[in-house]
Amino acid sequence: MGRRKVLLAPLDPVHDVGLKLVQRALDAAGHSTLRLPPDLSAEEIVSRAIEYEPDTVLVGRTLGYNVPEVLARLVDLMEAAGMRSRVRLGVGGMAIRPELAAELGYDRGFGPGASSEEALAFVEGREPQPPAAPQALEKPDLTAGYGYLAKDREVAASLEAIAAAAVAWGKARTSPGVERARLRRRILEAEAGAERSDGRISEPVDELRAAYVRACDPPIRAFYEGTGPPGKTRPLSADEIAALAAAADPVSFERRQVRHVRARPRVFVQYGTGCPVMDSVHNRVAEAWGADGLVHFDPSWAARTEGLIEGHHSHEEDGTLLTLANLRSIGRARLSGTLWQVRAHRGLNTPETVVLAAAAGADLTKVNPVYGSLGAGTDPERLVVDGGECLSLAAAAGLPLDVVTNEELCGVPAGKAFAGMLIIAAMAVHQGGRPILQPLFCLSPDVMVTGRMEDNFVDYNMAKVIALRQLYDAPIWPGAPIGFLTHTEDRVQSATSTALHAAIAASLEVDAITIASADEAYSGGSIAAASRVDTLLATAEAFRFFGSARVAPTPRAEEWAGELVAQIKDTLRQVLERPSLVDALYAGVLGSPADGVYPGRAGRGTVRLR
Amino acid sequence: MRAIDRVLDAIDLETVLLAEDERSARRLASQLARELGFADADIVALEWRANMARVRIRGYVHRPGHHYAWLGQAAR
């Protein structure tokens, strides 16, 4: 291919940026170029073309008025000058559509978003080089580099004492949830024909399953006895199962980038439409628009029912059923670099959920007995036992877990919620686990009452992260989702609020965030895939806008961080004064009826000594 | 192949309606959804000001768990 001679002419009163970029690419490729100034008439451009004798003319047009007339005039004049047959003619710019260019007699039209490479390829008479093949994303370890050491001597001593006692207390007890988790593990081992993890020979699956069913509530027992699935659920059809299997076929596509110059935070989205097929497609949408991770949402009723059903099932309402078949199918449909979290933070099936999460290949789980027992309706005694088992199972499976503080949404002040979070994190570390702290970036009831966000949403959210970092060396993953209770049904407001909270998170360089869809505040129906794109695009725009710049809080952020540290320490002291963590939960030390939370009742009276 | 069979889940329509109050704006939005042939529609967002309402109407084509016309295609 020889050196080409290209005339670049803005057929526009002012705009020529696109042509400047194209000229730079042409010059770099060794071609000879001449770029004319804007605001020349078609006659003047043709006159200069006659003098310059190019083999290619590229014109640009941004303004949208009289476009067909102006472009057609240039073609007519070039034909009249006898040069149209000798010169290749291309046109690009915001006002150009390829169909219009072809209709007017141009050899090529480049619309908005066209690259310099496309123009260069046109000049050189070749096909544009395709974008680099998408690289397999490396799955990050969100916990890498953290030592899990309390940075304050008093906090270190408090957490160690409380965590050691709570773990020992839990290990001395068991529950139907713990027993079912162990049975499920044995069922999976028996089905796989593998030796039991304790080295004993595997037992008949039927006997194990019969024992499992005896430990379930009636609706789940009815499922195993053949009466049918629980209400509002149905088995997937063969076509649906085939579609799920097809979703796991390897794919390669260019993934949009959410993050810009910073490696953190990784961006997670929540899914749980109720249908695993729809989930897998929604997740593909989220991945295509740049999500780094996916969080599985299960139905709330399932958390209050002893036992889990099996097989591929769809659920009519929000939340996708926790079954190994559902999880495996959804998990296999994700890209290899996508992180995947299955939550086990509340309810009566938490230990079994960790077993299923590990068996399905999840990367993360979520555990917090304090929230689950104060804000999600499960009995504190039961959930400390089950939660302790979760932490042990997660550690054994190598699953990092976040410790969520959603009790703040019920009204518990952040300092109290953080004390509970740090206790559970310390319990996890005590058992060899890798916890991730999950403060909420939210407009909580406590914040509304105290007026801490009347001026801005920046200071108090930043104060939370500052306080936690002063006390504990652990990864931080604000959620879930960021901006909780700031969203409205308006998608622009909702996406903007998410993006701005994401900007705070990026400024703080936290490890991950969970973002909502733009349907976060819409409760009338299921989330639409387009609404997932809205917040991913908005978050990407916030990251692009701020780059490596930071959001600056006012001095109040440091003041409030100090208050939070004091509140955390005070709460830990009060927990230490109680006979046990469970007693502290019943007594309201980590959140009381005055705050807005009540010890849950589901599963009460089901714990027994081993 | 109909294009609507390739709609993943829902079609959102955003517009501004002329309406004397919020109640009539909601009624008009529902009517508009019916006129456009949305059998399963909902008003996701509506803000009324100055005799006008910015509205976002959602017509569900495929609710989760229903039969998807795209089944076997889009997941690939």
# chains A, B, ... in the order shown; residues from 1 in each chain; ligands from 1
$ interface_residues --of "chain A" --to "chain B" --cutoff "9 Å" --atoms "only C-alpha atoms" --output "VMD selection string"
chain A and resid 234 236 239 to 240 242 to 244 246 to 251 273 to 282 284 314 to 317 333 488 to 491 519 522 to 530
$ residues_around --residues "Ala33 in chain B" --least-positions-apart "6" --cutoff "8 Å" --atoms "only C-alpha atoms" --output "short mmCIF file (atom, residue, chain, number, x, y, z; two decimals) with C-alpha atoms, in the first residue's frame"
data_model
loop_
_atom_site.label_atom_id
_atom_site.label_comp_id
_atom_site.auth_asym_id
_atom_site.auth_seq_id
_atom_site.Cartn_x
_atom_site.Cartn_y
_atom_site.Cartn_z
CA ALA B 39 -51.76 -5.53 27.89
CA ALA B 41 -48.52 -2.16 31.86
CA ILE B 57 -44.80 3.78 31.52
CA GLY B 59 -45.27 -2.43 29.26
#
$ atom_distance --atom1 "CA of Val269 in chain A" --atom2 "CA of Leu294 in chain A"
5.1 Å
$ select_by_dssp --residues "chain B" --states "helix (DSSP H, G or I)" --output "short mmCIF file (atom, residue, chain, number, x, y, z; two decimals) with N, CA, C and O atoms, in the first residue's frame"
data_model
loop_
_atom_site.label_atom_id
_atom_site.label_comp_id
_atom_site.auth_asym_id
_atom_site.auth_seq_id
_atom_site.Cartn_x
_atom_site.Cartn_y
_atom_site.Cartn_z
N ALA B 3 -40.15 -8.37 15.95
CA ALA B 3 -39.20 -7.65 16.80
C ALA B 3 -39.60 -7.73 18.26
O ALA B 3 -38.75 -7.84 19.15
N ILE B 4 -40.90 -7.71 18.50
CA ILE B 4 -41.34 -7.71 19.90
C ILE B 4 -40.98 -9.02 20.60
O ILE B 4 -40.83 -9.06 21.82
N ASP B 5 -40.80 -10.07 19.81
CA ASP B 5 -40.38 -11.33 20.41
C ASP B 5 -38.94 -11.28 20.90
O ASP B 5 -38.49 -12.18 21.62
N ARG B 6 -38.20 -10.28 20.46
CA ARG B 6 -36.82 -10.13 20.91
C ARG B 6 -36.69 -9.18 22.10
O ARG B 6 -35.59 -8.89 22.54
N GLU B 22 -52.42 15.39 39.08
CA GLU B 22 -51.68 14.13 39.06
C GLU B 22 -52.60 12.94 38.81
O GLU B 22 -52.25 12.00 38.10
N ARG B 23 -53.81 13.03 39.40
CA ARG B 23 -54.74 11.92 39.24
C ARG B 23 -55.10 11.71 37.77
O ARG B 23 -55.09 10.58 37.26
N SER B 24 -55.40 12.79 37.09
CA SER B 24 -55.75 12.64 35.67
C SER B 24 -54.52 12.25 34.86
O SER B 24 -54.64 11.54 33.85
N ALA B 25 -53.34 12.66 35.31
CA ALA B 25 -52.13 12.24 34.61
C ALA B 25 -51.96 10.73 34.69
O ALA B 25 -51.61 10.07 33.71
N ARG B 26 -52.25 10.18 35.87
CA ARG B 26 -52.13 8.73 36.03
C ARG B 26 -53.16 8.01 35.15
O ARG B 26 -52.86 6.98 34.54
N ARG B 27 -54.36 8.57 35.12
CA ARG B 27 -55.41 7.96 34.30
C ARG B 27 -55.01 8.00 32.83
O ARG B 27 -55.13 7.00 32.11
N LEU B 28 -54.49 9.14 32.40
CA LEU B 28 -54.07 9.27 31.00
C LEU B 28 -52.91 8.33 30.67
O LEU B 28 -52.86 7.75 29.58
N ALA B 29 -52.00 8.18 31.61
CA ALA B 29 -50.84 7.31 31.37
C ALA B 29 -51.32 5.87 31.18
O ALA B 29 -50.85 5.16 30.28
N SER B 30 -52.26 5.45 32.03
CA SER B 30 -52.79 4.08 31.90
C SER B 30 -53.53 3.93 30.57
O SER B 30 -53.40 2.91 29.89
N GLN B 31 -54.29 4.97 30.22
CA GLN B 31 -55.02 4.93 28.95
C GLN B 31 -54.05 4.85 27.77
O GLN B 31 -54.27 4.10 26.82
N LEU B 32 -52.99 5.62 27.85
CA LEU B 32 -51.99 5.61 26.78
C LEU B 32 -51.39 4.21 26.61
O LEU B 32 -51.20 3.73 25.48
N ALA B 33 -51.10 3.58 27.75
CA ALA B 33 -50.54 2.22 27.68
C ALA B 33 -51.50 1.29 26.95
O ALA B 33 -51.08 0.49 26.10
N ARG B 34 -52.78 1.42 27.27
CA ARG B 34 -53.77 0.56 26.59
C ARG B 34 -53.85 0.89 25.12
O ARG B 34 -53.91 0.00 24.27
N GLU B 35 -53.86 2.20 24.79
CA GLU B 35 -53.95 2.60 23.38
C GLU B 35 -52.76 2.08 22.58
O GLU B 35 -52.87 1.81 21.38
#
$ atom_distance --atom1 "CA of Ile187 in chain A" --atom2 "CA of Leu322 in chain A"
16.2 Å
$ select_by_dssp --residues "chain B" --states "strand (DSSP E)" --output "list in words"
Ala10, Ile11, Asp12, Leu13, Glu14, Thr15, Val16, Leu17, Leu18, Ala41, Asp42, Ile43, Val44, Ala45, Leu46, Glu47, Trp48, Arg49, Met52, Ala53, Arg54, Val55, Arg56, Ile57, Arg58, Gly59 and Tyr60 of chain B
$ atom_distance --atom1 "CA of Val385 in chain A" --atom2 "CA of Ala150 in chain A"
24.4 Å
$ residues_around --residues "His296 in chain A" --least-positions-apart "5" --cutoff "7 Å" --atoms "only C-alpha atoms" --output "list of chain:residue names"
A:Gln270, A:Tyr271, A:Gly272, A:Gln341, A:Val342, A:Arg343
$ residues_around --residues "Glu138 in chain A" --least-positions-apart "4" --cutoff "10 Å" --atoms "only C-alpha atoms" --output "compact mmCIF listing (two decimals) with N, CA and C atoms, in the first residue's frame"
# COMPACT_ATOMS: atom_id res chain seq x y z
N SER A 336 -16.02 -16.03 33.02
CA SER A 336 -15.04 -16.62 33.93
C SER A 336 -14.45 -15.59 34.90
N GLY A 337 -14.44 -14.34 34.49
CA GLY A 337 -13.85 -13.32 35.36
C GLY A 337 -14.84 -12.65 36.30
N THR A 338 -16.09 -13.06 36.24
CA THR A 338 -17.13 -12.39 37.05
C THR A 338 -17.21 -13.02 38.44
N LEU A 339 -17.12 -12.16 39.45
CA LEU A 339 -17.29 -12.63 40.82
C LEU A 339 -18.76 -12.91 41.09
$ closest_atom_pairs --of "range 237-347 of chain A" --to "range 474-477 of chain A" --cutoff "10 Å" --atoms "only C-alpha atoms" --output "CSV"
residue,atom,partner,partner_atom,distance
A:Pro265,CA,A:Trp477,CA,8.2
A:Arg266,CA,A:Trp477,CA,8.8
A:Val267,CA,A:Trp477,CA,9.6
A:Phe268,CA,A:Trp477,CA,9.7
$ write_last_selection --atoms "N, CA, C and O atoms" --output "tab-separated table (two decimals), in the first residue's frame"
chain	number	residue	atom	x	y	z
A	265	PRO	N	-13.36	0.76	42.97
A	265	PRO	CA	-13.97	-0.47	43.49
A	265	PRO	C	-14.49	-1.38	42.39
A	265	PRO	O	-14.88	-0.91	41.32
A	266	ARG	N	-14.52	-2.67	42.69
A	266	ARG	CA	-15.21	-3.61	41.82
A	266	ARG	C	-16.71	-3.37	41.98
A	266	ARG	O	-17.19	-3.09	43.08
A	267	VAL	N	-17.43	-3.48	40.88
A	267	VAL	CA	-18.85	-3.12	40.91
A	267	VAL	C	-19.72	-4.39	40.82
A	267	VAL	O	-19.63	-5.14	39.85
A	268	PHE	N	-20.52	-4.58	41.85
A	268	PHE	CA	-21.44	-5.73	41.90
A	268	PHE	C	-22.87	-5.25	41.63
A	268	PHE	O	-23.24	-4.13	42.00
$ residues_around --residues "range 358-372 of chain A" --least-positions-apart "5" --cutoff "9 Å" --atoms "only C-alpha atoms" --output "PyMOL selection string"
chain A and resi 185+188+295+324-325+327-329+331-332+339-347+350+353+377-380+382-388+390-391+393-394+397-408+417+420-421+424-425+435-436+585+590-591+600
$ residues_around --residues "Leu208 in chain A" --least-positions-apart "6" --cutoff "9 Å" --atoms "only C-alpha atoms" --output "list in words"
Leu183, Arg184, Arg186, Ile187 and Ala190 of chain A
$ write_last_selection --atoms "all heavy atoms" --output "short mmCIF file (atom, residue, chain, number, x, y, z; two decimals), in the first residue's frame"
data_model
loop_
_atom_site.label_atom_id
_atom_site.label_comp_id
_atom_site.auth_asym_id
_atom_site.auth_seq_id
_atom_site.Cartn_x
_atom_site.Cartn_y
_atom_site.Cartn_z
N LEU A 183 -26.30 -32.65 56.58
CA LEU A 183 -26.94 -33.68 55.76
C LEU A 183 -26.80 -33.36 54.28
O LEU A 183 -26.53 -34.24 53.46
CB LEU A 183 -28.42 -33.81 56.14
CG LEU A 183 -28.71 -34.54 57.46
CD1 LEU A 183 -30.14 -34.26 57.92
CD2 LEU A 183 -28.48 -36.05 57.29
N ARG A 184 -26.99 -32.09 53.94
CA ARG A 184 -26.87 -31.70 52.53
C ARG A 184 -25.46 -31.99 52.02
O ARG A 184 -25.28 -32.48 50.90
CB ARG A 184 -27.20 -30.21 52.37
CG ARG A 184 -27.06 -29.68 50.96
CD ARG A 184 -28.01 -30.33 49.98
NE ARG A 184 -29.41 -29.99 50.27
CZ ARG A 184 -30.46 -30.58 49.68
NH1 ARG A 184 -30.26 -31.53 48.78
NH2 ARG A 184 -31.69 -30.24 50.01
N ARG A 186 -23.48 -34.25 53.09
CA ARG A 186 -23.34 -35.70 52.94
C ARG A 186 -24.11 -36.19 51.72
O ARG A 186 -23.67 -37.11 51.02
CB ARG A 186 -23.79 -36.40 54.21
CG ARG A 186 -22.77 -36.22 55.34
CD ARG A 186 -23.35 -36.42 56.71
NE ARG A 186 -23.89 -37.74 56.96
CZ ARG A 186 -24.54 -38.08 58.07
NH1 ARG A 186 -24.72 -37.17 59.02
NH2 ARG A 186 -24.99 -39.29 58.23
N ILE A 187 -25.27 -35.59 51.46
CA ILE A 187 -26.05 -35.98 50.26
C ILE A 187 -25.23 -35.68 49.00
O ILE A 187 -25.12 -36.51 48.09
CB ILE A 187 -27.40 -35.22 50.21
CG1 ILE A 187 -28.33 -35.74 51.31
CG2 ILE A 187 -28.06 -35.35 48.85
CD1 ILE A 187 -29.58 -34.88 51.52
N ALA A 190 -22.47 -38.14 48.72
CA ALA A 190 -22.97 -39.46 48.35
C ALA A 190 -23.38 -39.49 46.88
O ALA A 190 -23.11 -40.45 46.16
CB ALA A 190 -24.15 -39.84 49.24
#
